[in-house]
$ cat final.pdb   # PDB, C-alpha atoms and all ligand atoms
ATOM      1  CA  MET A   1      17.948  -6.594  -0.650
ATOM      2  CA  SER A   2      17.434  -7.481  -4.288
ATOM      3  CA  VAL A   3      13.882  -8.682  -3.719
ATOM      4  CA  LEU A   4      12.883  -5.140  -2.745
ATOM      5  CA  SER A   5      14.895  -3.630  -5.612
ATOM      6  CA  ASP A   6      13.140  -5.997  -7.992
ATOM      7  CA  PHE A   7       9.809  -5.024  -6.498
ATOM      8  CA  LEU A   8      10.475  -1.273  -6.849
ATOM      9  CA  GLY A   9      11.802  -1.804 -10.351
ATOM     10  CA  GLY A  10       8.592  -3.616 -11.202
ATOM     11  CA  VAL A  11       6.459  -0.772  -9.867
ATOM     12  CA  THR A  12       8.534   1.859 -11.703
ATOM     13  CA  ALA A  13       8.560  -0.027 -14.988
ATOM     14  CA  GLY A  14       4.873  -0.902 -14.797
ATOM     15  CA  ALA A  15       5.405  -4.645 -14.539
ATOM     16  CA  ILE A  16       3.556  -4.284 -11.248
ATOM     17  CA  GLU A  17       0.430  -2.149 -11.478
ATOM     18  CA  VAL A  18      -0.892  -0.451  -8.337
ATOM     19  CA  ILE A  19      -4.687  -0.210  -8.299
ATOM     20  CA  ASP A  20      -6.275   1.908  -5.592
ATOM     21  CA  LEU A  21      -9.306   0.107  -4.171
ATOM     22  CA  THR A  22     -10.113   3.008  -1.850
ATOM     23  CA  ALA A  23     -13.207   5.138  -2.391
ATOM     24  CA  ALA A  24     -12.742   8.897  -2.009
ATOM     25  CA  LEU A  25     -13.539   9.954   1.568
ATOM     26  CA  SER A  26     -15.749  13.042   1.902
ATOM     27  CA  GLU A  27     -19.004  14.256   3.408
ATOM     28  CA  HIS A  28     -20.684  12.546   0.427
ATOM     29  CA  THR A  29     -19.334   9.086   1.288
ATOM     30  CA  PRO A  30     -22.329   6.767   1.785
ATOM     31  CA  VAL A  31     -22.777   5.412   5.306
ATOM     32  CA  ILE A  32     -24.798   2.435   6.496
ATOM     33  CA  GLN A  33     -28.279   3.341   7.821
ATOM     34  CA  LEU A  34     -29.567   1.026  10.535
ATOM     35  CA  PRO A  35     -33.299   1.047  11.327
ATOM     36  CA  PRO A  36     -34.574   2.155  14.754
ATOM     37  CA  PRO A  37     -33.917   1.431  17.592
ATOM     38  CA  PHE A  38     -30.265   1.100  16.543
ATOM     39  CA  VAL A  39     -27.912   4.059  16.696
ATOM     40  CA  ASN A  40     -26.123   5.118  13.512
ATOM     41  CA  THR A  41     -22.604   6.313  12.780
ATOM     42  CA  LYS A  42     -21.603   9.751  11.550
ATOM     43  CA  HIS A  43     -20.839  10.697   8.013
ATOM     44  CA  PHE A  44     -17.293  11.872   7.414
ATOM     45  CA  SER A  45     -16.709  15.608   7.810
ATOM     46  CA  LEU A  46     -13.951  18.214   7.871
ATOM     47  CA  GLN A  47     -13.867  21.166  10.245
ATOM     48  CA  GLU A  48     -11.462  23.833   9.125
ATOM     49  CA  ILE A  49      -8.992  25.039  11.766
ATOM     50  CA  SER A  50      -7.212  27.609   9.609
ATOM     51  CA  ARG A  51      -6.609  28.306   5.937
ATOM     52  CA  TYR A  52      -3.755  30.779   5.470
ATOM     53  CA  ASP A  53      -5.655  33.311   7.549
ATOM     54  CA  GLU A  54      -5.510  34.998  10.924
ATOM     55  CA  ARG A  55      -6.142  31.613  12.577
ATOM     56  CA  GLY A  56      -2.960  30.289  11.004
ATOM     57  CA  PRO A  57      -1.401  32.574   8.426
ATOM     58  CA  ALA A  58       0.854  30.103   6.611
ATOM     59  CA  TRP A  59      -1.023  26.856   7.005
ATOM     60  CA  TYR A  60      -4.212  25.011   6.141
ATOM     61  CA  TRP A  61      -5.451  22.181   8.310
ATOM     62  CA  ASN A  62      -8.662  20.513   9.474
ATOM     63  CA  ASP A  63     -10.081  18.416  12.225
ATOM     64  CA  ILE A  64     -11.958  15.395  10.960
ATOM     65  CA  ALA A  65     -15.021  13.643  12.304
ATOM     66  CA  THR A  66     -15.789  10.140  11.162
ATOM     67  CA  GLY A  67     -17.089   6.828  12.305
ATOM     68  CA  GLU A  68     -14.712   3.886  12.297
ATOM     69  CA  HIS A  69     -17.018   2.197   9.776
ATOM     70  CA  VAL A  70     -17.208   4.948   7.151
ATOM     71  CA  GLY A  71     -16.181   4.583   3.523
ATOM     72  CA  THR A  72     -13.616   2.024   2.501
ATOM     73  CA  HIS A  73     -12.889   0.491   5.896
ATOM     74  CA  PHE A  74     -11.598  -2.475   7.846
ATOM     75  CA  ASP A  75     -13.695  -4.538  10.298
ATOM     76  CA  ALA A  76     -11.633  -5.977  13.161
ATOM     77  CA  PRO A  77     -12.754  -9.155  14.948
ATOM     78  CA  VAL A  78     -13.790  -7.196  18.061
ATOM     79  CA  HIS A  79     -16.406  -5.346  15.941
ATOM     80  CA  TRP A  80     -18.839  -8.232  16.499
ATOM     81  CA  VAL A  81     -20.080  -9.836  19.706
ATOM     82  CA  THR A  82     -18.881 -13.212  18.428
ATOM     83  CA  GLY A  83     -15.352 -11.741  18.224
ATOM     84  CA  LYS A  84     -15.464  -9.685  21.420
ATOM     85  CA  ASP A  85     -12.377 -11.420  22.816
ATOM     86  CA  GLY A  86     -10.546 -11.020  19.506
ATOM     87  CA  LEU A  87      -8.232  -8.376  18.131
ATOM     88  CA  ASP A  88      -9.027  -4.692  17.983
ATOM     89  CA  VAL A  89      -7.854  -2.832  14.907
ATOM     90  CA  SER A  90      -4.609  -1.683  16.568
ATOM     91  CA  GLN A  91      -3.723  -5.263  17.471
ATOM     92  CA  VAL A  92      -3.872  -6.766  13.988
ATOM     93  CA  PRO A  93      -0.270  -7.736  13.154
ATOM     94  CA  ALA A  94       1.151  -5.576  10.361
ATOM     95  CA  LYS A  95       2.304  -8.686   8.514
ATOM     96  CA  GLN A  96      -1.310  -9.783   8.157
ATOM     97  CA  LEU A  97      -2.119  -6.522   6.350
ATOM     98  CA  ILE A  98      -0.288  -7.730   3.238
ATOM     99  CA  ALA A  99      -1.882 -10.828   1.740
ATOM    100  CA  PRO A 100      -2.940 -12.394  -1.550
ATOM    101  CA  ALA A 101      -6.439 -11.813  -2.861
ATOM    102  CA  VAL A 102      -8.791 -13.351  -5.400
ATOM    103  CA  VAL A 103     -11.986 -12.027  -6.979
ATOM    104  CA  ILE A 104     -15.266 -13.849  -7.457
ATOM    105  CA  ASP A 105     -17.468 -11.980  -9.928
ATOM    106  CA  LYS A 106     -21.234 -12.074  -9.424
ATOM    107  CA  THR A 107     -21.945  -8.759 -11.163
ATOM    108  CA  ALA A 108     -24.455 -10.279 -13.584
ATOM    109  CA  GLU A 109     -26.338 -12.101 -10.836
ATOM    110  CA  CYS A 110     -26.453  -8.951  -8.665
ATOM    111  CA  ALA A 111     -27.681  -6.836 -11.591
ATOM    112  CA  ARG A 112     -30.623  -9.228 -11.942
ATOM    113  CA  ASP A 113     -31.198  -9.570  -8.191
ATOM    114  CA  PRO A 114     -29.903  -6.885  -5.799
ATOM    115  CA  ASP A 115     -30.512  -9.313  -2.913
ATOM    116  CA  TYR A 116     -28.221 -11.918  -4.482
ATOM    117  CA  LEU A 117     -26.466 -14.121  -1.918
ATOM    118  CA  LEU A 118     -23.136 -15.794  -2.637
ATOM    119  CA  GLN A 119     -23.455 -19.569  -2.239
ATOM    120  CA  ILE A 120     -20.937 -22.261  -1.308
ATOM    121  CA  ALA A 121     -21.552 -23.722  -4.771
ATOM    122  CA  ASP A 122     -20.471 -20.413  -6.350
ATOM    123  CA  VAL A 123     -17.158 -20.554  -4.508
ATOM    124  CA  GLU A 124     -16.691 -24.247  -5.341
ATOM    125  CA  ALA A 125     -17.314 -23.498  -9.023
ATOM    126  CA  TRP A 126     -14.793 -20.643  -8.838
ATOM    127  CA  GLN A 127     -12.233 -23.033  -7.331
ATOM    128  CA  ARG A 128     -12.742 -25.500 -10.172
ATOM    129  CA  ASP A 129     -11.802 -22.724 -12.627
ATOM    130  CA  HIS A 130      -9.096 -20.910 -10.668
ATOM    131  CA  GLY A 131      -7.706 -23.251  -8.023
ATOM    132  CA  PRO A 132      -7.991 -23.205  -4.261
ATOM    133  CA  LEU A 133      -8.806 -20.103  -2.253
ATOM    134  CA  PRO A 134      -5.692 -18.438  -0.809
ATOM    135  CA  THR A 135      -4.713 -17.742   2.764
ATOM    136  CA  GLY A 136      -5.762 -14.223   1.950
ATOM    137  CA  TRP A 137      -8.737 -12.156   0.905
ATOM    138  CA  LEU A 138     -11.816 -13.201  -1.028
ATOM    139  CA  LEU A 139     -13.069 -10.103  -2.856
ATOM    140  CA  TYR A 140     -16.735 -10.319  -3.809
ATOM    141  CA  ARG A 141     -17.382  -8.337  -6.981
ATOM    142  CA  THR A 142     -21.012  -7.261  -7.281
ATOM    143  CA  GLY A 143     -20.907  -4.150  -9.471
ATOM    144  CA  TRP A 144     -22.025  -2.089  -6.496
ATOM    145  CA  GLY A 145     -19.000   0.185  -6.698
ATOM    146  CA  ALA A 146     -20.579   1.880  -9.730
ATOM    147  CA  ARG A 147     -23.284   3.275  -7.412
ATOM    148  CA  VAL A 148     -20.991   4.852  -4.812
ATOM    149  CA  ASP A 149     -21.535   8.450  -5.989
ATOM    150  CA  ASP A 150     -25.264   8.163  -5.251
ATOM    151  CA  GLU A 151     -26.011   7.242  -1.624
ATOM    152  CA  ARG A 152     -29.637   6.366  -2.473
ATOM    153  CA  ALA A 153     -28.663   3.902  -5.186
ATOM    154  CA  PHE A 154     -25.774   2.601  -3.128
ATOM    155  CA  LEU A 155     -27.902   1.816  -0.059
ATOM    156  CA  ASN A 156     -30.872   0.797  -2.291
ATOM    157  CA  SER A 157     -33.443   0.939   0.492
ATOM    158  CA  SER A 158     -37.173   0.599   0.115
ATOM    159  CA  GLU A 159     -40.019   0.233   2.609
ATOM    160  CA  THR A 160     -38.846  -3.372   2.985
ATOM    161  CA  GLY A 161     -35.335  -2.311   3.981
ATOM    162  CA  PRO A 162     -32.021  -2.218   2.149
ATOM    163  CA  HIS A 163     -31.530  -4.437  -0.902
ATOM    164  CA  THR A 164     -27.839  -5.086  -1.507
ATOM    165  CA  PRO A 165     -25.947  -8.321  -2.193
ATOM    166  CA  GLY A 166     -24.194 -10.408   0.420
ATOM    167  CA  LEU A 167     -23.405 -13.961   1.459
ATOM    168  CA  ALA A 168     -25.747 -16.836   2.204
ATOM    169  CA  VAL A 169     -25.655 -17.973   5.841
ATOM    170  CA  GLU A 170     -24.074 -21.334   5.006
ATOM    171  CA  CYS A 171     -21.501 -19.721   2.739
ATOM    172  CA  ALA A 172     -20.464 -17.290   5.485
ATOM    173  CA  ARG A 173     -20.180 -20.178   7.966
ATOM    174  CA  TRP A 174     -18.139 -22.229   5.492
ATOM    175  CA  LEU A 175     -15.744 -19.391   4.554
ATOM    176  CA  ALA A 176     -15.183 -18.650   8.238
ATOM    177  CA  SER A 177     -14.642 -22.182   9.474
ATOM    178  CA  GLU A 178     -13.596 -24.324   6.509
ATOM    179  CA  SER A 179     -11.736 -22.061   4.113
ATOM    180  CA  PRO A 180      -8.274 -20.481   4.461
ATOM    181  CA  VAL A 181      -9.457 -16.953   3.642
ATOM    182  CA  VAL A 182      -8.428 -14.307   6.183
ATOM    183  CA  GLY A 183     -11.199 -11.944   5.234
ATOM    184  CA  ILE A 184     -13.945 -10.982   2.828
ATOM    185  CA  GLY A 185     -13.865  -7.734   0.892
ATOM    186  CA  VAL A 186     -16.959  -6.204  -0.693
ATOM    187  CA  GLU A 187     -18.090  -3.208  -2.755
ATOM    188  CA  THR A 188     -21.212  -2.652  -0.641
ATOM    189  CA  VAL A 189     -21.683  -0.654   2.575
ATOM    190  CA  GLY A 190     -21.112  -3.735   4.745
ATOM    191  CA  THR A 191     -19.906  -7.297   4.280
ATOM    192  CA  ASP A 192     -23.410  -8.634   4.857
ATOM    193  CA  ALA A 193     -26.416  -8.383   2.566
ATOM    194  CA  GLY A 194     -28.836  -5.503   3.020
ATOM    195  CA  ALA A 195     -31.480  -7.977   4.211
ATOM    196  CA  ALA A 196     -29.099  -9.782   6.602
ATOM    197  CA  HIS A 197     -30.800  -8.327   9.695
ATOM    198  CA  SER A 198     -33.532 -10.907   8.985
ATOM    199  CA  PHE A 199     -31.182 -13.905   8.598
ATOM    200  CA  ASP A 200     -30.487 -16.614  11.191
ATOM    201  CA  PRO A 201     -28.084 -15.663  12.622
ATOM    202  CA  PRO A 202     -28.476 -11.986  11.769
ATOM    203  CA  PHE A 203     -25.526 -10.541   9.825
ATOM    204  CA  PRO A 204     -23.950 -13.998   9.337
ATOM    205  CA  CYS A 205     -20.820 -12.745   7.576
ATOM    206  CA  HIS A 206     -19.999 -10.513  10.537
ATOM    207  CA  ALA A 207     -20.999 -13.198  13.042
ATOM    208  CA  PHE A 208     -19.003 -16.074  11.536
ATOM    209  CA  MET A 209     -16.012 -14.300   9.999
ATOM    210  CA  LEU A 210     -15.237 -11.924  12.866
ATOM    211  CA  GLY A 211     -16.052 -14.678  15.362
ATOM    212  CA  ALA A 212     -13.363 -16.782  13.669
ATOM    213  CA  GLY A 213     -10.804 -13.980  14.084
ATOM    214  CA  LYS A 214     -11.083 -13.046  10.415
ATOM    215  CA  PHE A 215     -11.565  -9.577   8.915
ATOM    216  CA  GLY A 216     -13.870  -7.537   6.724
ATOM    217  CA  LEU A 217     -13.279  -4.844   4.108
ATOM    218  CA  THR A 218     -16.088  -2.745   2.712
ATOM    219  CA  GLN A 219     -16.859  -0.150   0.055
ATOM    220  CA  LEU A 220     -13.978  -1.221  -2.145
ATOM    221  CA  ALA A 221     -13.564   0.680  -5.419
ATOM    222  CA  ASN A 222     -12.130  -0.454  -8.760
ATOM    223  CA  VAL A 223     -12.791  -4.130  -8.080
ATOM    224  CA  ASP A 224     -13.816  -4.348 -11.760
ATOM    225  CA  ARG A 225     -10.184  -3.618 -12.702
ATOM    226  CA  LEU A 226      -8.841  -6.684 -10.892
ATOM    227  CA  PRO A 227      -8.063 -10.096 -12.358
ATOM    228  CA  ALA A 228      -9.552 -13.175 -10.688
ATOM    229  CA  THR A 229      -6.217 -14.244  -9.198
ATOM    230  CA  GLY A 230      -2.652 -12.994  -8.830
ATOM    231  CA  ILE A 231      -3.396 -10.001  -6.593
ATOM    232  CA  VAL A 232      -1.429  -8.796  -3.586
ATOM    233  CA  LEU A 233      -3.538  -6.653  -1.283
ATOM    234  CA  ILE A 234      -2.089  -4.025   1.038
ATOM    235  CA  VAL A 235      -4.642  -2.958   3.642
ATOM    236  CA  ALA A 236      -3.812  -0.003   5.875
ATOM    237  CA  PRO A 237      -6.327   0.785   8.631
ATOM    238  CA  LEU A 238      -5.385   3.281  11.341
ATOM    239  CA  PRO A 239      -4.167   1.615  14.562
ATOM    240  CA  ILE A 240      -6.983   3.023  16.704
ATOM    241  CA  VAL A 241      -6.465   1.673  20.218
ATOM    242  CA  ARG A 242      -9.583  -0.310  21.191
ATOM    243  CA  GLY A 243     -10.937   0.473  17.724
ATOM    244  CA  SER A 244     -13.473  -1.880  16.153
ATOM    245  CA  GLY A 245     -12.392  -0.854  12.672
ATOM    246  CA  SER A 246     -10.998   2.049  10.733
ATOM    247  CA  PRO A 247     -11.181   3.791   7.397
ATOM    248  CA  ALA A 248      -8.421   2.151   5.394
ATOM    249  CA  ARG A 249      -6.348   2.738   2.299
ATOM    250  CA  VAL A 250      -6.469  -0.446   0.250
ATOM    251  CA  LEU A 251      -4.004  -0.981  -2.590
ATOM    252  CA  ALA A 252      -3.950  -3.934  -4.986
ATOM    253  CA  LEU A 253      -0.744  -4.960  -6.752
ATOM    254  CA  VAL A 254      -1.258  -6.859 -10.002
ATOM    255  CA  SER A 255       0.771  -7.894 -13.020
ATOM    256  CA  PRO A 256      -0.821  -6.293 -16.092
TER     257      PRO A 256
HETATM  258 MN    MN B   1     -17.772  -2.168   9.184
END

$ encode --input "final.pdb" --output "structure tokens"
Amino acid sequence: MSVLSDFLGGVTAGAIEVIDLTAALSEHTPVIQLPPPFVNTKHFSLQEISRYDERGPAWYWNDIATGEHVGTHFDAPVHWVTGKDGLDVSQVPAKQLIAPAVVIDKTAECARDPDYLLQIADVEAWQRDHGPLPTGWLLYRTGWGARVDDERAFLNSSETGPHTPGLAVECARWLASESPVVGIGVETVGTDAGAAHSFDPPFPCHAFMLGAGKFGLTQLANVDRLPATGIVLIVAPLPIVRGSGSPARVLALVSP
């Protein structure tokens, strides 16, 4: 198949650049912190089984413990009550895990206001410059990826709760119901703003997007290395049966 040969040739020759959008996964990976009375997820951890020792003289291996929603991860529709009859992560067709992506950059706005909310007008302005949104991913660049090595700065919580960027309620509703995007990808700990617990409805990006059978991607890295358009995204969550999501490897293919 020459199309695959051409593709591999492009990767080898550097005409196609592969950018890893996955944050390193370790016990230091920041994890969302919900306020009481809600129950929180685990941080990632390794438990050593053997390391070339009496427990296994020639081999090193670990058990892992993790939440589904830890680190760079995929939100399946069934994650939210509005999508409870939708797909679990194992049911998402593999073909849908390869899709185009575009980037909307609100880094400057988010630097000024950590509670910045993406508006419909922002997306309309982007479309005037770059053309229509794809049947693919909208990646929301906020600059938050630069904070990922410091959980405190990444979660940015104060006595008034977490302060991280997200989407305005109407923008989330519009992207879910009136745009062709299949999902929203973010640099932050979740697809919704830190303050979204107080919105109507609460967590509108989760409520509208997952309720529409669409997806979420969080804690993306290297979003600052992406162009605005011309990206192919490969998203690889684990097919956890009945899973609401999964840590995922996310690769972007671009033409440098
Ligand atoms: Mn999630």

$ closest_residue --input "final.pdb" --among "A:Ala168, A:Val39, A:Ala125, A:Leu217" --to "ligand MN 1 (chain B)" --atoms "all atoms listed in the file"
A:Leu217

$ resolve_selection --input "final.pdb" --expression "the PyMOL selection byres (((chain A and resi 65) around 7) and not hetatm)" --output "VMD selection string"
chain A and resid 44 to 46 63 to 64 66

$ residues_around --input "final.pdb" --residues "Trp126 (chain A)" --least-positions-apart "3" --cutoff "12 Å" --atoms "only C-alpha atoms" --output "mmCIF file with C-alpha atoms, in the coordinates of the input"
data_model
loop_
_atom_site.group_PDB
_atom_site.id
_atom_site.type_symbol
_atom_site.label_atom_id
_atom_site.label_comp_id
_atom_site.auth_asym_id
_atom_site.auth_seq_id
_atom_site.Cartn_x
_atom_site.Cartn_y
_atom_site.Cartn_z
ATOM 1 C CA VAL A 102 -8.791 -13.351 -5.400
ATOM 2 C CA VAL A 103 -11.986 -12.027 -6.979
ATOM 3 C CA ILE A 104 -15.266 -13.849 -7.457
ATOM 4 C CA ASP A 105 -17.468 -11.980 -9.928
ATOM 5 C CA LYS A 106 -21.234 -12.074 -9.424
ATOM 6 C CA LEU A 118 -23.136 -15.794 -2.637
ATOM 7 C CA GLN A 119 -23.455 -19.569 -2.239
ATOM 8 C CA ILE A 120 -20.937 -22.261 -1.308
ATOM 9 C CA ALA A 121 -21.552 -23.722 -4.771
ATOM 10 C CA ASP A 122 -20.471 -20.413 -6.350
ATOM 11 C CA VAL A 123 -17.158 -20.554 -4.508
ATOM 12 C CA ASP A 129 -11.802 -22.724 -12.627
ATOM 13 C CA HIS A 130 -9.096 -20.910 -10.668
ATOM 14 C CA GLY A 131 -7.706 -23.251 -8.023
ATOM 15 C CA PRO A 132 -7.991 -23.205 -4.261
ATOM 16 C CA LEU A 133 -8.806 -20.103 -2.253
ATOM 17 C CA LEU A 138 -11.816 -13.201 -1.028
ATOM 18 C CA TYR A 140 -16.735 -10.319 -3.809
ATOM 19 C CA ALA A 228 -9.552 -13.175 -10.688
ATOM 20 C CA THR A 229 -6.217 -14.244 -9.198
#

$ residues_around --input "final.pdb" --residues "Arg141 (chain A)" --least-positions-apart "2" --cutoff "10 Å" --atoms "all atoms listed in the file" --output "compact mmCIF listing (two decimals) with C-alpha atoms, keeping the file's coordinate frame"
# COMPACT_ATOMS: atom_id res chain seq x y z
CA VAL A 103 -11.99 -12.03 -6.98
CA ILE A 104 -15.27 -13.85 -7.46
CA ASP A 105 -17.47 -11.98 -9.93
CA LYS A 106 -21.23 -12.07 -9.42
CA THR A 107 -21.94 -8.76 -11.16
CA ALA A 108 -24.46 -10.28 -13.58
CA CYS A 110 -26.45 -8.95 -8.66
CA LEU A 138 -11.82 -13.20 -1.03
CA LEU A 139 -13.07 -10.10 -2.86
CA GLY A 143 -20.91 -4.15 -9.47
CA TRP A 144 -22.02 -2.09 -6.50
CA GLY A 145 -19.00 0.18 -6.70
CA PRO A 165 -25.95 -8.32 -2.19
CA GLY A 185 -13.86 -7.73 0.89
CA VAL A 186 -16.96 -6.20 -0.69
CA GLU A 187 -18.09 -3.21 -2.76
CA THR A 188 -21.21 -2.65 -0.64
CA LEU A 220 -13.98 -1.22 -2.14
CA ALA A 221 -13.56 0.68 -5.42
CA ASN A 222 -12.13 -0.45 -8.76
CA VAL A 223 -12.79 -4.13 -8.08
CA ASP A 224 -13.82 -4.35 -11.76
CA LEU A 226 -8.84 -6.68 -10.89
CA ALA A 228 -9.55 -13.18 -10.69

$ resolve_selection --input "final.pdb" --expression "the PyMOL selection byres (((chain A and resi 21-30) around 8) and not hetatm)" --output "mmCIF file with C-alpha atoms, in the frame of the given file"
data_model
loop_
_atom_site.group_PDB
_atom_site.id
_atom_site.type_symbol
_atom_site.label_atom_id
_atom_site.label_comp_id
_atom_site.auth_asym_id
_atom_site.auth_seq_id
_atom_site.Cartn_x
_atom_site.Cartn_y
_atom_site.Cartn_z
ATOM 1 C CA ILE A 19 -4.687 -0.210 -8.299
ATOM 2 C CA ASP A 20 -6.275 1.908 -5.592
ATOM 3 C CA VAL A 31 -22.777 5.412 5.306
ATOM 4 C CA ILE A 32 -24.798 2.435 6.496
ATOM 5 C CA HIS A 43 -20.839 10.697 8.013
ATOM 6 C CA PHE A 44 -17.293 11.872 7.414
ATOM 7 C CA SER A 45 -16.709 15.608 7.810
ATOM 8 C CA LEU A 46 -13.951 18.214 7.871
ATOM 9 C CA VAL A 70 -17.208 4.948 7.151
ATOM 10 C CA GLY A 71 -16.181 4.583 3.523
ATOM 11 C CA THR A 72 -13.616 2.024 2.501
ATOM 12 C CA VAL A 148 -20.991 4.852 -4.812
ATOM 13 C CA ASP A 149 -21.535 8.450 -5.989
ATOM 14 C CA ASP A 150 -25.264 8.163 -5.251
ATOM 15 C CA GLU A 151 -26.011 7.242 -1.624
ATOM 16 C CA PHE A 154 -25.774 2.601 -3.128
ATOM 17 C CA LEU A 155 -27.902 1.816 -0.059
ATOM 18 C CA VAL A 189 -21.683 -0.654 2.575
ATOM 19 C CA GLN A 219 -16.859 -0.150 0.055
ATOM 20 C CA LEU A 220 -13.978 -1.221 -2.145
ATOM 21 C CA ALA A 221 -13.564 0.680 -5.419
ATOM 22 C CA ASN A 222 -12.130 -0.454 -8.760
ATOM 23 C CA VAL A 223 -12.791 -4.130 -8.080
ATOM 24 C CA ALA A 248 -8.421 2.151 5.394
ATOM 25 C CA ARG A 249 -6.348 2.738 2.299
ATOM 26 C CA VAL A 250 -6.469 -0.446 0.250
ATOM 27 C CA LEU A 251 -4.004 -0.981 -2.590
ATOM 28 C CA ALA A 252 -3.950 -3.934 -4.986
#

$ resolve_selection --input "final.pdb" --expression "the PyMOL selection byres (((chain A and resi 85) around 12) and not hetatm)" --output "short mmCIF file (atom, residue, chain, number, x, y, z; two decimals) with C-alpha atoms, in the coordinates of the input"
data_model
loop_
_atom_site.label_atom_id
_atom_site.label_comp_id
_atom_site.auth_asym_id
_atom_site.auth_seq_id
_atom_site.Cartn_x
_atom_site.Cartn_y
_atom_site.Cartn_z
CA ALA A 76 -11.63 -5.98 13.16
CA PRO A 77 -12.75 -9.15 14.95
CA VAL A 78 -13.79 -7.20 18.06
CA HIS A 79 -16.41 -5.35 15.94
CA TRP A 80 -18.84 -8.23 16.50
CA VAL A 81 -20.08 -9.84 19.71
CA THR A 82 -18.88 -13.21 18.43
CA GLY A 83 -15.35 -11.74 18.22
CA LYS A 84 -15.46 -9.68 21.42
CA GLY A 86 -10.55 -11.02 19.51
CA LEU A 87 -8.23 -8.38 18.13
CA ASP A 88 -9.03 -4.69 17.98
CA GLN A 91 -3.72 -5.26 17.47
CA LEU A 210 -15.24 -11.92 12.87
CA GLY A 211 -16.05 -14.68 15.36
CA ALA A 212 -13.36 -16.78 13.67
CA GLY A 213 -10.80 -13.98 14.08
CA ARG A 242 -9.58 -0.31 21.19
CA SER A 244 -13.47 -1.88 16.15
#

$ atom_distance --input "final.pdb" --atom1 "CA of Leu167 (chain A)" --atom2 "CA of Asp192 (chain A)"
6.3 Å

$ closest_residue --input "final.pdb" --among "A:Pro201, A:Leu8, A:Ala111, A:Leu238" --to "Arg147 (chain A)" --atoms "all atoms listed in the file"
A:Ala111

$ closest_residue --input "final.pdb" --among "A:Leu117, A:Cys205, A:Ala172, A:Val241" --to "ligand MN 1 (chain B)" --atoms "all atoms listed in the file"
A:Cys205

$ residues_around --input "final.pdb" --residues "Thr160 (chain A)" --least-positions-apart "3" --cutoff "10 Å" --atoms "all atoms listed in the file" --output "PyMOL selection string"
chain A and resi 157+163+195

$ residues_near_ligand --input "final.pdb" --ligand "ligand MN 1 (chain B)" --cutoff "6 Å" --atoms "all atoms listed in the file" --output "list in words"
His69, Asp75 and Gly190 of chain A

$ closest_residue --input "final.pdb" --among "A:Arg173, A:Arg225, A:Arg55, A:Lys214" --to "Asp200 (chain A)" --atoms "only C-alpha atoms"
A:Arg173

$ axis_aligned_box --input "final.pdb" --around "region 8-24 of chain A" --padding-each-side "8 Å" --output "lines of an AutoDock Vina configuration file"
center_x = -0.7
center_y = 2.1
center_z = -8.4
size_x = 41.0
size_y = 29.5
size_z = 29.1
